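Undergrad: Next comes model_28.txt, compact mmCIF, C-alpha atoms and all ligand atoms:
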```txt
# COMPACT_ATOMS: atom_id res chain seq x y z
CA MET D 8 0.00 0.00 0.00
CA LEU D 9 1.20 3.46 -0.85
CA PHE D 10 -0.60 5.42 1.84
CA PRO D 11 0.79 5.67 5.38
CA ASP D 12 -0.39 3.44 8.19
CA GLN D 13 -4.00 4.39 9.00
CA THR D 14 -4.46 1.98 11.91
CA GLU D 15 -5.34 4.60 14.53
CA ARG D 16 -7.46 6.66 12.15
CA LEU D 17 -9.42 3.58 11.10
CA ILE D 18 -9.97 2.46 14.69
CA THR D 19 -11.15 5.96 15.59
CA TYR D 20 -13.49 5.93 12.60
CA ILE D 21 -14.98 2.57 13.58
CA ASN D 22 -15.43 3.71 17.18
CA ALA D 23 -17.20 6.85 15.92
CA ARG D 24 -19.56 4.64 13.89
CA LEU D 25 -20.21 2.39 16.91
CA ALA D 26 -20.97 5.42 19.08
CA LEU D 27 -23.42 6.78 16.48
CA ASP D 28 -25.11 3.38 16.17
CA GLU D 29 -25.46 3.24 19.94
CA ALA D 30 -26.88 6.77 20.04
CA ALA D 31 -29.40 5.86 17.32
CA GLU D 32 -30.37 2.78 19.30
CA ASN D 33 -30.91 4.85 22.45
CA THR D 34 -33.06 7.27 20.49
CA GLY D 35 -35.11 4.34 19.20
CA ILE D 36 -35.50 2.92 22.69
CA ALA D 37 -36.60 6.28 24.08
CA ALA D 38 -39.12 6.65 21.24
CA ALA D 39 -40.51 3.18 21.96
CA GLY D 40 -41.07 4.29 25.50
CA SER D 41 -39.98 1.44 27.72
CA PRO D 42 -36.22 1.60 28.32
CA ALA D 43 -36.49 -0.90 31.17
CA GLU D 44 -37.59 -3.65 28.78
CA ALA D 45 -35.28 -2.70 25.90
CA ALA D 46 -32.64 -5.30 26.72
CA GLU D 47 -35.19 -8.00 25.88
CA TRP D 48 -35.97 -6.70 22.40
CA ASP D 49 -34.42 -8.57 19.49
CA TRP D 50 -33.23 -5.47 17.60
CA VAL D 51 -31.63 -4.05 20.72
CA ARG D 52 -29.99 -7.34 21.62
CA HIS D 53 -28.78 -7.78 18.05
CA GLY D 54 -27.27 -4.28 17.94
CA ARG D 55 -25.51 -4.74 21.26
CA GLN D 56 -24.14 -8.15 20.29
CA GLN D 57 -22.91 -6.76 17.00
CA ARG D 58 -21.11 -3.82 18.60
CA SER D 59 -19.60 -6.08 21.22
CA ALA D 60 -18.32 -8.42 18.48
CA ILE D 61 -16.83 -5.52 16.52
CA ARG D 62 -15.08 -4.17 19.64
CA GLY D 63 -13.60 -7.61 20.24
CA LEU D 64 -12.53 -7.76 16.61
CA LEU D 65 -10.82 -4.37 16.90
CA ALA D 66 -8.90 -5.51 19.97
CA THR D 67 -7.75 -8.59 18.07
CA ILE D 68 -6.82 -6.68 14.91
CA ARG D 69 -4.72 -4.27 16.99
CA LYS D 70 -2.44 -7.21 17.80
CA VAL D 71 -1.77 -8.03 14.15
CA THR D 72 1.84 -7.03 13.60
CA ASP D 73 1.83 -7.06 9.81
CA GLU D 74 0.89 -3.48 8.94
CA GLN D 75 -0.70 -4.21 5.59
CA LEU D 76 -2.77 -7.09 6.94
CA ARG D 77 -3.83 -4.99 9.94
CA GLN D 78 -4.96 -2.15 7.70
CA ALA D 79 -6.76 -4.49 5.31
CA LEU D 80 -8.71 -5.99 8.22
CA LEU D 81 -9.61 -2.55 9.56
CA ILE D 82 -10.62 -1.28 6.11
CA GLN D 83 -12.92 -4.27 5.67
CA THR D 84 -14.42 -3.74 9.12
CA GLY D 85 -14.85 0.00 8.50
CA SER D 86 -16.46 -0.67 5.12
CA MET D 87 -19.48 -2.12 6.95
CA TRP D 88 -20.85 1.43 7.06
CA ALA D 89 -19.94 2.43 3.51
CA ALA D 90 -23.60 2.49 2.44
CA HIS D 91 -24.59 4.71 5.39
CA LEU D 92 -24.47 8.51 5.48
CA PRO D 93 -20.85 9.68 5.55
CA LEU D 94 -19.35 11.28 8.64
CA VAL D 95 -17.92 14.80 8.80
CA ASP D 96 -14.43 15.32 10.19
CA ARG D 97 -13.13 18.40 11.95
CA SER D 98 -12.35 20.10 8.62
CA GLY D 99 -16.08 19.96 7.88
CA ARG D 100 -15.66 17.64 4.91
CA PRO D 101 -17.69 14.44 4.41
CA TYR D 102 -15.72 11.21 4.50
CA THR D 103 -16.22 7.50 4.68
CA CYS D 104 -14.33 4.23 4.65
CA ASN D 105 -14.59 2.14 1.52
CA GLY D 106 -12.40 -0.50 -0.10
CA GLY D 107 -9.67 2.12 -0.55
CA GLY D 108 -9.61 3.02 3.14
CA LEU D 109 -10.60 6.35 4.67
CA THR D 110 -11.46 8.84 1.97
CA TYR D 111 -13.05 12.25 1.62
CA LEU D 112 -16.14 12.53 -0.55
CA THR D 113 -17.18 15.36 -2.85
CA ASP D 114 -19.73 17.87 -1.55
CA CYS D 115 -21.76 17.76 -4.76
CA HIS D 116 -22.39 14.00 -4.99
CA LEU D 117 -20.78 12.42 -1.92
CA ALA D 118 -18.63 10.51 -4.39
CA THR D 119 -14.97 9.62 -4.21
CA PRO D 120 -12.78 12.08 -6.11
CA THR D 121 -10.93 10.92 -9.19
CA ILE D 122 -8.30 12.37 -11.50
CA SER D 123 -9.93 13.49 -14.74
CA MET D 124 -8.03 15.39 -17.43
CA GLY D 125 -5.27 16.03 -14.92
CA THR D 126 -7.49 17.61 -12.26
CA LEU D 127 -9.10 16.19 -9.17
CA SER D 128 -12.78 15.81 -9.97
CA CYS D 129 -16.03 14.38 -8.70
CA ARG D 130 -16.44 10.85 -10.02
CA VAL D 131 -20.11 11.51 -10.80
CA CYS D 132 -20.31 14.99 -12.35
CA TYR D 133 -16.62 15.62 -13.19
CA HIS D 134 -16.61 19.07 -11.62
CA GLU D 135 -13.20 20.00 -10.27
CA VAL D 136 -12.92 19.59 -6.49
CA GLU D 137 -10.41 20.98 -3.98
CA SER D 138 -7.07 19.19 -3.82
CA GLU D 139 -7.45 18.73 -0.03
CA LEU D 140 -9.77 15.84 -0.81
CA THR D 141 -6.76 13.68 -1.66
CA PHE D 142 -5.48 13.87 1.92
CA PRO D 143 -6.57 11.28 4.48
CA PRO D 144 -9.48 12.38 6.70
CA GLU D 145 -8.82 12.92 10.42
CA PRO D 146 -11.55 11.02 12.26
CA ALA D 147 -12.54 11.77 15.85
CA VAL D 148 -14.83 9.56 17.93
CA THR D 149 -17.21 12.51 18.23
CA ASP D 150 -17.65 12.95 14.46
CA GLU D 151 -21.26 13.35 13.41
CA LEU D 152 -23.19 12.11 10.42
CA HIS D 153 -23.04 14.31 7.34
CA ARG D 154 -26.31 16.13 6.81
CA PRO D 155 -26.66 17.56 3.30
CA GLY D 156 -26.56 21.33 3.36
CA GLN D 157 -25.13 21.63 6.83
CA PRO D 158 -22.79 24.57 7.38
CA LYS D 159 -19.09 23.84 7.14
CA VAL D 160 -16.53 24.75 9.74
CA ASN D 161 -12.86 25.74 9.55
CA ARG D 162 -12.88 26.67 5.89
ZN ZN D 201 -20.37 15.80 -8.26
```
Output the structure of this file as structure tokens.
Ligand SMILES: [Zn+2]
TA:
Amino acid sequence: MLFPDQTERLITYINARLALDEAAENTGIAAAGSPAEAAEWDWVRHGRQQRSAIRGLLATIRKVTDEQLRQALLIQTGSMWAAHLPLVDRSGRPYTCNGGGLTYLTDCHLATPTISMGTLSCRVCYHEVESELTFPPEPAVTDELHRPGQPKVNR
């Protein structure tokens, strides 16, 4: 792989996704109205088991000493959320984890950027996009879901 080791960034990204999933679950439980019984519900139990399994997987992957194998395992784990709304990092740009690892997405189509006619462009509409999109995102566990049209920060 040509990009630098993204182990910590990928783990942070996955933890951010787990935290958002847990928050969504808590919202769902509150909406259903009986938090005391929630642990008995199939969808709650399934979500909790899944997050627990992923946390165990992360702890195991951390011990993999081969850098490329470790990253490949984390990329595959992180790709579980590739079809969900992207997150927004502290630069205010949408990003996700797909088969290529952590990557920024274009504002216009939430697509991965590509080189077209020598310029960095949106893969969908071919409009030129800012060159910063080639850099790796900087995930934080507190990153939120990207909401289309939300104001950007730090730009
Ligand atoms: Zn576009």
Undergrad: So that I can check the surroundings of Trp50 of chain D, please list as a list in words every protein, DNA and RNA residue that reaches within 12 Å of it, counting all atoms listed in the file and ignoring chain neighbours fewer than 6 positions away.
TA: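 So the residues in contact are Glu29, Ala31, Glu32, Asn33, Gly35, Ile36, Gln56 and Gln57 of chain D.
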Undergrad: Mind writing the picked residues with C-alpha atoms as an mmCIF file, keeping the file's coordinate frame?
TA:
```cif
data_model
loop_
_atom_site.group_PDB
_atom_site.id
_atom_site.type_symbol
_atom_site.label_atom_id
_atom_site.label_comp_id
_atom_site.auth_asym_id
_atom_site.auth_seq_id
_atom_site.Cartn_x
_atom_site.Cartn_y
_atom_site.Cartn_z
ATOM 1 C CA GLU D 29 -25.460 3.240 19.940
ATOM 2 C CA ALA D 31 -29.400 5.860 17.320
ATOM 3 C CA GLU D 32 -30.370 2.780 19.300
ATOM 4 C CA ASN D 33 -30.910 4.850 22.450
ATOM 5 C CA GLY D 35 -35.110 4.340 19.200
ATOM 6 C CA ILE D 36 -35.500 2.920 22.690
ATOM 7 C CA GLN D 56 -24.140 -8.150 20.290
ATOM 8 C CA GLN D 57 -22.910 -6.760 17.000
#
```
Undergrad: Let me have all residues with an atom within 7 Å of ligand ZN 201 (chain D), counting all atoms listed in the file, laid out as a list in words.
TA: Thr113, Cys115, His116, Ala118, Cys129, Arg130, Val131, Cys132, Tyr133 and His134 of chain D
Undergrad: Which residue gives the smallest distance to Tyr102 of chain D among D:Thr14, D:Thr67, D:Asn22, D:Thr141, with only C-alpha atoms counted?
TA: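 When distances to Tyr102 of chain D are compared using only C-alpha atoms, the smallest one comes from D:Thr141.
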Undergrad: Would you kindly return, as a VMD selection string, each protein, DNA or RNA residue with an atom no farther than 12 Å from any atom of segment 89-99 of chain D, considering all atoms listed in the file and excluding same-chain residues fewer than 3 positions away?
TA: chain D and resid 16 19 to 21 23 to 24 27 to 28 82 to 86 102 to 114 116 to 119 139 to 140 142 to 162
Undergrad: Between D:Arg77, D:Ser138, D:Asp49, D:Glu44, which has the minimum distance to Leu65 of chain D (counting all atoms listed in the file)?
TA: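 With all atoms listed in the file as the atom set, the closest residue is D:Arg77.
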Undergrad: Pick from D:Ala30, D:Ala46, D:Ala37, D:Val136: nearest to Ser123 of chain D, with only C-alpha atoms counted?
TA: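 Answer, going by the shortest atom-to-atom distance: D:Val136.
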Undergrad: Report, in Å to a single decimal, how far apart atom CA of Leu81 of chain D and atom CA of Pro120 of chain D are.
TA: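 Atom-to-atom, atom CA of Pro120 of chain D to atom CA of Leu81 of chain D, that is 21.7 Å.
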Undergrad: Between D:Trp88, D:Ala26, D:Gly40, D:Val71, which is the closest to Arg58 of chain D once you count all atoms listed in the file?
TA: D:Ala26
Undergrad: What separation in Å, quoted to one decimal, exists between atom CA of Ala66 of chain D and atom CA of Glu15 of chain D?
TA: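 About the pair atom CA of Ala66 of chain D and atom CA of Glu15 of chain D: they are 12.0 Å apart.
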Undergrad: Which value, in Å to one decimal, gives the distance between atom CA of Arg62 of chain D and atom CA of Pro11 of chain D?
TA: 23.5 Å
